[in-house]
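Chemist: I'm passing along final_16.txt; it holds compact mmCIF, C-alpha atoms (C1' of nucleotides).
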# COMPACT_ATOMS: atom_id res chain seq x y z
CA MET B 11 85.99 124.46 108.77
CA LEU B 12 86.15 121.19 106.91
CA ASP B 13 85.71 117.72 108.24
CA ILE B 14 88.37 115.25 107.11
CA SER B 15 85.81 113.40 105.02
CA GLU B 16 85.05 116.63 103.19
CA VAL B 17 88.74 117.08 102.47
CA THR B 18 89.12 113.55 101.13
CA ARG B 19 86.07 114.10 98.98
CA ARG B 20 87.36 117.35 97.53
CA THR B 21 91.00 116.39 97.02
CA GLY B 22 90.85 112.68 96.30
CA GLN B 23 93.41 112.03 99.01
CA THR B 24 92.73 109.21 101.43
CA ALA B 25 92.21 109.93 105.12
CA SER B 26 95.28 107.88 105.93
CA ALA B 27 97.36 109.98 103.55
CA LEU B 28 96.13 113.13 105.25
CA ARG B 29 97.01 111.72 108.66
CA TYR B 30 100.42 110.81 107.29
CA TYR B 31 100.94 114.31 105.90
CA GLU B 32 99.98 115.76 109.26
CA GLU B 33 102.41 113.44 111.02
CA ARG B 34 105.11 114.62 108.61
CA GLY B 35 104.25 118.23 109.32
CA LEU B 36 103.05 119.03 105.82
CA ILE B 37 99.59 119.99 106.90
CA ALA B 38 97.93 120.85 110.18
CA SER B 39 94.49 120.15 111.49
CA VAL B 40 92.99 122.96 113.50
CA GLY B 41 90.81 120.98 115.84
CA ARG B 42 88.59 118.02 116.38
CA ASN B 43 84.95 117.29 116.17
CA GLY B 44 84.89 114.47 118.65
CA LEU B 45 87.72 112.35 117.35
CA ARG B 46 87.52 113.67 113.83
CA ARG B 47 90.10 116.07 112.54
CA THR B 48 88.93 119.45 111.35
CA PHE B 49 90.78 121.54 108.77
CA GLU B 50 90.74 125.12 107.58
CA PRO B 51 89.44 125.61 104.03
CA SER B 52 92.95 126.60 102.92
CA ILE B 53 93.93 122.95 103.35
CA ILE B 54 92.54 122.36 99.87
CA GLU B 55 95.06 124.66 98.23
CA ARG B 56 97.81 123.41 100.45
CA LEU B 57 97.14 119.87 99.32
CA ALA B 58 97.01 120.98 95.71
CA LEU B 59 100.38 122.61 96.19
CA ILE B 60 101.74 119.43 97.69
CA ALA B 61 100.37 117.45 94.76
CA LEU B 62 102.07 119.83 92.34
CA GLY B 63 105.32 119.43 94.21
CA ARG B 64 105.03 115.66 94.11
CA ALA B 65 104.24 115.79 90.42
CA ALA B 66 107.34 117.86 89.88
CA GLY B 67 109.41 115.24 91.64
CA PHE B 68 109.90 116.85 95.03
CA SER B 69 109.94 114.46 97.97
CA LEU B 70 107.68 115.10 100.92
CA SER B 71 110.74 116.19 102.89
CA GLU B 72 111.68 118.76 100.29
CA ILE B 73 108.16 120.06 100.19
CA SER B 74 107.88 120.43 103.94
CA GLU B 75 111.25 122.14 103.95
CA MET B 76 109.95 124.66 101.45
CA PHE B 77 106.92 125.31 103.56
CA ARG B 78 109.11 125.75 106.62
CA ASP B 79 111.49 128.07 104.79
CA SER B 80 108.76 130.36 103.68
CA GLY B 81 106.46 130.00 106.62
CA GLY B 82 103.44 130.08 104.38
CA MET B 83 102.24 129.06 100.99
CA ASP B 84 105.20 130.65 99.35
CA VAL B 85 108.22 128.71 98.18
CA ASP B 86 111.84 129.27 97.39
CA ARG B 87 112.07 130.59 93.84
CA ALA B 88 115.60 129.33 93.28
CA LYS B 89 114.56 125.83 94.21
CA LEU B 90 111.69 125.99 91.79
CA HIS B 91 113.97 127.08 88.99
CA ALA B 92 116.42 124.34 89.86
CA LYS B 93 113.66 121.77 89.75
CA ALA B 94 112.40 123.16 86.48
CA ASP B 95 115.92 122.77 85.09
CA ASP B 96 115.92 119.18 86.33
CA LEU B 97 112.64 118.59 84.60
CA GLU B 98 114.00 120.03 81.39
CA GLN B 99 116.89 117.58 81.54
CA GLN B 100 114.52 114.75 82.22
CA ILE B 101 112.30 115.75 79.36
CA LYS B 102 115.27 115.66 77.03
CA ARG B 103 116.27 112.29 78.32
CA LEU B 104 112.79 110.88 78.05
CA THR B 105 112.58 112.19 74.51
CA ARG B 106 115.77 110.39 73.61
CA ILE B 107 114.55 107.19 75.22
CA LYS B 108 111.19 107.48 73.53
CA ASP B 109 112.90 107.92 70.16
CA ALA B 110 115.05 104.89 70.89
CA LEU B 111 111.96 102.83 71.63
CA ARG B 112 110.25 103.97 68.45
CA HIS B 113 113.31 103.17 66.49
CA THR B 114 113.54 99.77 68.10
CA ALA B 115 109.93 99.09 67.27
CA GLU B 116 110.32 100.06 63.66
CA CYS B 117 113.86 99.17 62.77
CA PRO B 118 113.83 96.61 59.98
CA ALA B 119 117.03 94.91 61.15
CA PRO B 120 116.25 91.24 61.80
CA SER B 121 117.63 91.54 65.30
CA HIS B 122 117.81 94.90 67.02
CA MET B 123 121.34 94.23 68.03
CA GLU B 124 122.37 94.24 64.42
CA CYS B 125 121.19 97.80 63.97
CA PRO B 126 124.01 100.24 64.62
CA ASN B 127 121.56 102.94 65.56
CA PHE B 128 120.00 100.74 68.19
CA ARG B 129 123.31 99.60 69.53
CA ARG B 130 124.34 103.20 69.96
CA VAL B 131 121.45 104.21 72.19
CA VAL B 132 121.46 100.94 74.05
CA THR B 133 125.12 101.28 74.78
CA ALA B 134 124.57 104.79 76.05
CA ALA B 135 121.91 103.52 78.42
CA GLY B 136 124.14 100.71 79.60
CA ARG B 137 127.00 103.02 80.40
CA GLY B 138 124.74 105.20 82.50
CA LEU B 139 125.13 108.00 80.01
CA ILE B 140 121.45 108.36 80.36
CA PRO B 141 121.35 110.25 83.65
CA PRO B 142 119.24 109.04 86.55
CA LEU B 143 115.54 109.46 86.73
CA GLU B 144 114.40 110.46 90.14
CA LEU B 145 110.83 111.02 89.37
CA ASP B 146 108.31 108.89 91.15
CA ALA B 147 105.55 111.27 91.91
CA LEU B 148 101.83 111.81 92.18
CA ARG B 149 100.34 108.45 91.71
CA PRO B 150 96.63 108.68 92.42
CA LYS B 151 96.16 105.06 93.33
CA SER B 152 93.66 103.17 91.26
CA LYS B 153 91.68 102.35 94.34
CA LYS B 154 89.67 105.47 94.98
CA ARG B 155 88.87 104.83 98.60
CA ILE B 156 87.22 107.98 99.73
CA LYS B 157 86.05 106.58 103.01
CA ASP B 158 88.10 104.52 105.43
CA MET D 6 134.22 84.69 78.58
CA LEU D 7 133.99 87.48 81.11
CA ASP D 8 134.55 87.33 84.82
CA ILE D 9 131.88 89.07 86.90
CA SER D 10 134.36 91.74 87.93
CA GLU D 11 134.98 92.50 84.27
CA VAL D 12 131.25 92.87 83.74
CA THR D 13 130.86 95.23 86.68
CA ARG D 14 133.78 97.24 85.38
CA ARG D 15 132.37 97.53 81.89
CA THR D 16 128.74 98.15 82.75
CA GLY D 17 128.91 99.99 86.04
CA GLN D 18 126.48 97.52 87.58
CA THR D 19 127.32 96.11 90.98
CA ALA D 20 128.00 92.42 91.41
CA SER D 21 125.01 92.13 93.71
CA ALA D 22 122.80 93.66 91.05
CA LEU D 23 124.07 91.12 88.54
CA ARG D 24 123.36 88.29 90.95
CA TYR D 25 119.92 89.74 91.50
CA TYR D 26 119.27 89.92 87.76
CA GLU D 27 120.37 86.33 87.40
CA GLU D 28 118.07 85.26 90.21
CA ARG D 29 115.25 87.09 88.45
CA GLY D 30 116.03 85.33 85.20
CA LEU D 31 117.07 88.46 83.32
CA ILE D 32 120.57 87.28 82.64
CA ALA D 33 122.38 83.96 82.78
CA SER D 34 125.91 83.08 83.76
CA VAL D 35 127.50 80.39 81.67
CA GLY D 36 129.81 78.86 84.22
CA ARG D 37 132.09 79.36 87.14
CA ASN D 38 135.73 79.96 87.70
CA GLY D 39 135.92 78.52 91.15
CA LEU D 40 133.05 80.29 92.83
CA ARG D 41 133.09 83.21 90.46
CA ARG D 42 130.41 83.56 87.84
CA THR D 43 131.46 83.71 84.22
CA PHE D 44 129.46 85.41 81.48
CA GLU D 45 129.40 85.43 77.72
CA PRO D 46 130.49 88.71 76.11
CA SER D 47 126.92 89.28 74.94
CA ILE D 48 126.03 89.99 78.55
CA ILE D 49 127.23 93.53 78.01
CA GLU D 50 124.59 94.24 75.39
CA ARG D 51 121.99 92.41 77.35
CA LEU D 52 122.66 94.62 80.35
CA ALA D 53 122.60 97.70 78.15
CA LEU D 54 119.22 96.59 76.86
CA ILE D 55 117.98 96.11 80.40
CA ALA D 56 119.23 99.56 81.31
CA LEU D 57 117.38 101.03 78.35
CA GLY D 58 114.22 99.26 79.42
CA ARG D 59 114.56 100.54 82.96
CA ALA D 60 115.20 104.04 81.65
CA ALA D 61 112.03 103.78 79.62
CA GLY D 62 110.09 102.85 82.72
CA PHE D 63 109.73 99.11 82.27
CA SER D 64 109.90 97.07 85.47
CA LEU D 65 112.28 94.14 85.70
CA SER D 66 109.29 91.83 85.39
CA GLU D 67 108.19 93.46 82.18
CA ILE D 68 111.67 93.27 80.78
CA SER D 69 112.11 89.62 81.61
CA GLU D 70 108.70 88.94 80.08
CA MET D 71 109.85 90.56 76.87
CA PHE D 72 112.98 88.48 76.81
CA ARG D 73 110.92 85.36 77.41
CA ASP D 74 108.40 86.29 74.74
CA SER D 75 111.03 86.71 72.13
CA GLY D 76 113.52 84.15 73.31
CA GLY D 77 116.41 86.36 72.41
CA MET D 78 117.43 89.96 72.28
CA ASP D 79 114.34 90.88 70.37
CA VAL D 80 111.32 92.46 71.98
CA ASP D 81 107.64 92.92 71.33
CA ARG D 82 107.24 95.87 68.97
CA ALA D 83 103.71 96.66 70.10
CA LYS D 84 104.86 96.94 73.69
CA LEU D 85 107.62 99.27 72.67
CA HIS D 86 105.21 101.52 70.81
CA ALA D 87 102.86 101.47 73.77
CA LYS D 88 105.66 102.49 76.09
CA ALA D 89 106.76 105.19 73.68
CA ASP D 90 103.20 106.51 73.73
CA ASP D 91 103.32 106.50 77.52
CA LEU D 92 106.53 108.43 77.43
CA GLU D 93 105.02 110.98 75.09
CA GLN D 94 102.20 111.54 77.54
CA GLN D 95 104.66 111.86 80.36
CA ILE D 96 106.75 114.31 78.46
CA LYS D 97 103.71 116.48 77.88
CA ARG D 98 102.84 116.30 81.53
CA LEU D 99 106.34 117.10 82.66
CA THR D 100 106.41 120.02 80.30
CA ARG D 101 103.24 121.37 81.84
CA ILE D 102 104.60 120.91 85.33
CA LYS D 103 107.88 122.50 84.40
CA ASP D 104 106.06 125.51 82.98
CA ALA D 105 104.05 125.73 86.15
CA LEU D 106 107.21 125.75 88.24
CA ARG D 107 108.78 128.42 86.07
CA HIS D 108 105.70 130.50 86.33
CA THR D 109 105.62 130.05 90.07
CA ALA D 110 109.23 131.11 90.32
CA GLU D 111 108.68 134.22 88.27
CA CYS D 112 105.17 135.29 88.99
CA PRO D 113 105.21 138.74 90.53
CA ALA D 114 102.15 138.15 92.67
CA PRO D 115 103.11 138.71 96.30
CA SER D 116 101.86 135.27 97.23
CA HIS D 117 101.57 132.56 94.61
CA MET D 118 98.13 131.75 95.77
CA GLU D 119 96.98 135.16 94.66
CA CYS D 120 97.98 134.48 91.09
CA PRO D 121 95.08 133.05 89.14
CA ASN D 122 97.46 131.34 86.75
CA PHE D 123 99.19 129.57 89.58
CA ARG D 124 95.96 128.58 91.25
CA ARG D 125 94.78 127.04 88.03
CA VAL D 126 97.69 124.65 87.62
CA VAL D 127 97.88 123.90 91.30
CA THR D 128 94.22 123.04 91.38
CA ALA D 129 94.68 120.76 88.42
CA ALA D 130 97.48 118.94 90.20
CA GLY D 131 95.41 118.65 93.35
CA ARG D 132 92.49 117.12 91.57
CA GLY D 133 94.67 114.48 90.02
CA LEU D 134 94.08 115.96 86.59
CA ILE D 135 97.75 115.56 86.16
CA PRO D 136 97.87 111.84 85.40
CA PRO D 137 100.09 109.49 87.35
CA LEU D 138 103.79 109.26 86.88
CA GLU D 139 105.00 105.74 86.96
CA LEU D 140 108.54 106.36 86.04
CA ASP D 141 111.16 105.43 88.56
CA ALA D 142 113.91 103.99 86.45
CA LEU D 143 117.60 103.72 85.92
CA ARG D 144 119.14 105.18 88.96
CA PRO D 145 122.88 104.56 88.81
CA LYS D 146 123.44 104.85 92.52
CA SER D 147 125.86 107.51 93.59
CA LYS D 148 128.01 104.95 95.27
CA LYS D 149 130.01 103.49 92.46
CA ARG D 150 131.02 100.29 94.15
CA ILE D 151 132.75 98.37 91.46
CA LYS D 152 134.13 95.76 93.78
CA ASP D 153 132.25 94.01 96.51
C1' DG V 29 151.48 75.60 101.70
C1' DT V 30 149.41 79.40 103.28
C1' DG V 31 147.49 83.94 103.48
C1' DC V 32 144.71 87.12 101.15
C1' DC V 33 140.70 88.82 99.41
C1' DA V 34 137.41 89.01 95.86
C1' DC V 35 134.08 86.30 95.32
C1' DT V 36 130.03 83.15 97.08
C1' DT V 37 125.18 82.14 99.62
C1' DC V 38 121.25 83.34 102.28
C1' DA V 39 118.52 86.03 105.06
C1' DA V 40 117.45 90.33 106.40
C1' DG V 41 117.55 95.32 105.84
C1' DT V 42 116.66 99.78 103.18
C1' DC V 43 113.90 103.62 101.22
C1' DA V 44 109.41 106.32 100.29
C1' DG V 45 104.99 106.92 100.79
C1' DC V 46 101.64 105.38 102.16
C1' DT V 47 98.07 101.21 103.49
C1' DT V 48 96.29 97.76 106.50
C1' DG V 49 94.77 95.65 110.75
C1' DA V 50 93.43 95.40 115.43
C1' DG V 51 91.20 97.40 118.84
C1' DG V 52 89.03 101.67 120.57
C1' DT V 53 85.93 106.12 120.65
C1' DC V 54 82.21 109.01 119.95
C1' DA V 55 78.36 112.01 117.47
C1' DA V 56 74.23 111.05 115.45
C1' DG V 57 70.02 108.71 114.18
C1' DC V 58 66.36 105.73 115.76
C1' DG H 5 69.98 104.82 125.42
C1' DC H 6 71.74 102.02 122.09
C1' DT H 7 73.49 100.85 117.72
C1' DT H 8 76.05 102.24 113.86
C1' DG H 9 79.91 103.36 111.36
C1' DA H 10 83.13 106.68 110.21
C1' DC H 11 86.62 108.17 112.43
C1' DC H 12 90.79 107.48 115.83
C1' DT H 13 95.83 105.44 117.34
C1' DC H 14 99.71 102.61 116.87
C1' DA H 15 102.38 99.23 114.94
C1' DA H 16 103.25 96.53 111.26
C1' DG H 17 103.13 95.53 106.33
C1' DC H 18 103.71 96.55 101.37
C1' DT H 19 106.30 97.29 96.72
C1' DG H 20 110.58 97.25 93.83
C1' DA H 21 115.14 96.96 93.18
C1' DC H 22 118.57 96.20 95.22
C1' DT H 23 122.18 96.42 99.35
C1' DT H 24 124.17 94.74 103.48
C1' DG H 25 126.03 91.46 106.81
C1' DA H 26 127.65 87.20 108.39
C1' DA H 27 129.86 83.25 107.41
C1' DG H 28 132.13 80.43 104.00
C1' DT H 29 135.25 79.17 99.70
C1' DG H 30 138.78 78.91 96.54
C1' DG H 31 142.33 80.79 92.95
C1' DC H 32 146.55 83.02 92.96
C1' DA H 33 150.85 85.33 94.63
C1' DC H 34 154.36 84.51 97.69
Starting from the file, lay out its structure as structure tokens.
Modeler:
Amino acid sequence: MLDISEVTRRTGQTASALRYYEERGLIASVGRNGLRRTFEPSIIERLALIALGRAAGFSLSEISEMFRDSGGMDVDRAKLHAKADDLEQQIKRLTRIKDALRHTAECPAPSHMECPNFRRVVTAAGRGLIPPLELDALRPKSKKRIKD
Amino acid sequence: MLDISEVTRRTGQTASALRYYEERGLIASVGRNGLRRTFEPSIIERLALIALGRAAGFSLSEISEMFRDSGGMDVDRAKLHAKADDLEQQIKRLTRIKDALRHTAECPAPSHMECPNFRRVVTAAGRGLIPPLELDALRPKSKKRIKD
DNA sequence: GTGCCACTTCAAGTCAGCTTGAGGTCAAGC
DNA sequence: GCTTGACCTCAAGCTGACTTGAAGTGGCAC
């Protein structure tokens, strides 16, 4: 069994984040040592799986749903494929945006707005032709508070 | 000159968003027709440029800074290159995550956790070896309120 | 001239994913 | 047995980009 401090040390998650995950039903503590939460060793992998999900753009709700659906560590394969498809779209979009930025940075036109190429991509962005980004995941905060 | 309703119609932005942008100094109205704000036609391109910036992951503060720096429609080329570099990193990361999801969805191991391949990527995510995503941009809200 | 309704202002609310603060508890070391 | 300090709970706060609600205004069609 692992003390919460051991879990924070090994995963980089803060204690408050772990408490929050428990509250949300994403993880479970198996007991207490005095006040202190105690976890099974498998919590480490569970948290890694959660981190992967977050990195892929799943919300905590979606992740807990997946855990509920499967009962265990397993997840819905169709959902994973769907998310991978999403990511592929996003990657394409980001690539287009990146290229637009590069172009903007290098375009010799005196004002970007005079460059037809630039106007094209910028207009696309303005019309929402660039589909929505929904990604907002896995941000290991700069402050690495391991202890409370 | 364009009425605010014309601007919302042509850009897909809500009137409240436009007011918010004006408050933040990102755009300027040139007058009023009664109460109603009036904009120069160039507002359309300006908004498109803002949308591109948001899509690239710039915050509104960063975008307004760029406008201030350059005075006009122009922007700091170094910043654009830096952001393009960021995007390249992100694209690589997303590609890795996407591959991990695909693998997870297709891996024949009875439980994902038994697949060494899966454990490897999941462990990487858990340790924060997957660097932070900071992208959260351009989300044309589903509700397409054109009018207030 | 009057009714309508899209606009206006301003303050407050929303969402996610935590963090922070106040005030309390308890295992361990001295 | 007493201090210490890392943990606990619960409620409130934070960030960013807006949205929402209440209350007011004014141009335009009739």
Chemist: For B:Leu104, find every residue with an atom within 8 Å (counting all atoms listed in the file), except residues of its own chain fewer than 5 positions away, and show them as a list in words.
Modeler: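 Near neighbours after the sequence-gap exclusion: Ala61, Leu92 and Ile96 of chain D.
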Chemist: Anything within 10 Å of (142.4, 80.6, 94.9): list those residues as a list in words, counting all atoms listed in the file and sticking to the file's coordinates.
Modeler: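 Checking each residue against the 10 Å limit leaves Asn38, Gly39 and Leu40 of chain D; DC32, DC33 and DA34 of chain V; DT29, DG30, DG31, DC32 and DA33 of chain H.
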Chemist: Between B:Phe128, B:Phe49, B:Phe77, B:Phe68, which one has atoms that come closest to chain V, using all atoms listed in the file?
Modeler: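 Of the candidates, the smallest distance to chain V is held by B:Phe68.
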Chemist: Can you list, as a PyMOL selection string, every protein, DNA or RNA residue that comes within 12 Å of V:DA55 when you count only C-alpha atoms (C1' of nucleotides), leaving out same-chain residues fewer than 2 positions away?
Modeler: (chain B and resi 42-46) or (chain V and resi 53+57) or (chain H and resi 8-11)
Chemist: Any idea what the distance is between atom CA of D:Arg51 and atom CA of D:Ala87?
Modeler: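 Interatomic distance here is 21.5 Å.
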Chemist: From the options H:DT7, H:DT13, H:DT19, H:DT24, which residue's atoms come nearest to V:DT47, counting all atoms listed in the file?
Modeler: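 Counting all atoms listed in the file, the residue closest to V:DT47 is H:DT19.
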Chemist: Tell me, as a list of chain:residue names, which residues lie within 12 Å of H:DA26, counting all atoms listed in the file; anything in the same chain fewer than 5 positions away does not count.
Modeler: V:DT37, V:DC38, V:DA39, V:DA40
Chemist: The selected residues should be written to file as a PDB file, in the coordinates of the input (atoms: C-alpha atoms (C1' of nucleotides)).
Modeler:
ATOM      1  C1'  DT V  37     125.180  82.140  99.620  1.00  0.00           C
ATOM      2  C1'  DC V  38     121.250  83.340 102.280  1.00  0.00           C
ATOM      3  C1'  DA V  39     118.520  86.030 105.060  1.00  0.00           C
ATOM      4  C1'  DA V  40     117.450  90.330 106.400  1.00  0.00           C
TER       5       DA V  40
END
Chemist: How far is it from atom CA of B:Met11 to atom CA of B:Pro51, in Å with one decimal?
Modeler: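 Distance between the two atoms: 6.0 Å.
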Chemist: With only C-alpha atoms (C1' of nucleotides) as the counted atoms, please give the residues lying no more than 12 Å from B:His91, apart from itself and same-chain residues fewer than 2 positions off, as a ChimeraX atom specification.
Modeler: /B:66,85-89,93-98 /D:102-111
Chemist: Interatomic distance between atom CA of D:Gly58 and atom CA of B:Ala61?
Modeler: 27.5 Å
Chemist: For chain V against stretch 15-34 of chain B, with a cut-off of 12 Å and counting all atoms listed in the file, what is the closest atom pair and its distance in Å to one decimal for every residue that makes the cut, ordered by chain and number, as CSV?
Modeler:
residue,atom,partner,partner_atom,distance
V:DG45,C1',B:Ala27,CA,8.7
V:DC46,C1',B:Ala27,CA,6.4
V:DT47,C1',B:Ser26,CA,7.6
V:DT48,C1',B:Ser26,CA,10.2
Chemist: Which residue, B:Cys117, B:Leu12, B:Met123, B:Leu70, has the smallest gap to chain V when you use only C-alpha atoms (C1' of nucleotides)?
Modeler: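 Comparing B:Cys117, B:Leu12, B:Met123, B:Leu70 against chain V, the winner is B:Leu70.
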Chemist: If we count all atoms listed in the file and set the cut-off at 12 Å, which residues sit around H:DC14, ignoring sequence neighbours fewer than 3 positions away in its own chain? Please answer as a PyMOL selection string.
Modeler: chain V and resi 48-52
Chemist: Taking into account all atoms listed in the file, which residue in the set H:DC34, H:DA27, H:DA21, H:DA15 is nearest to chain D?
Modeler: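 Of all the options, H:DA21 lies closest to chain D.
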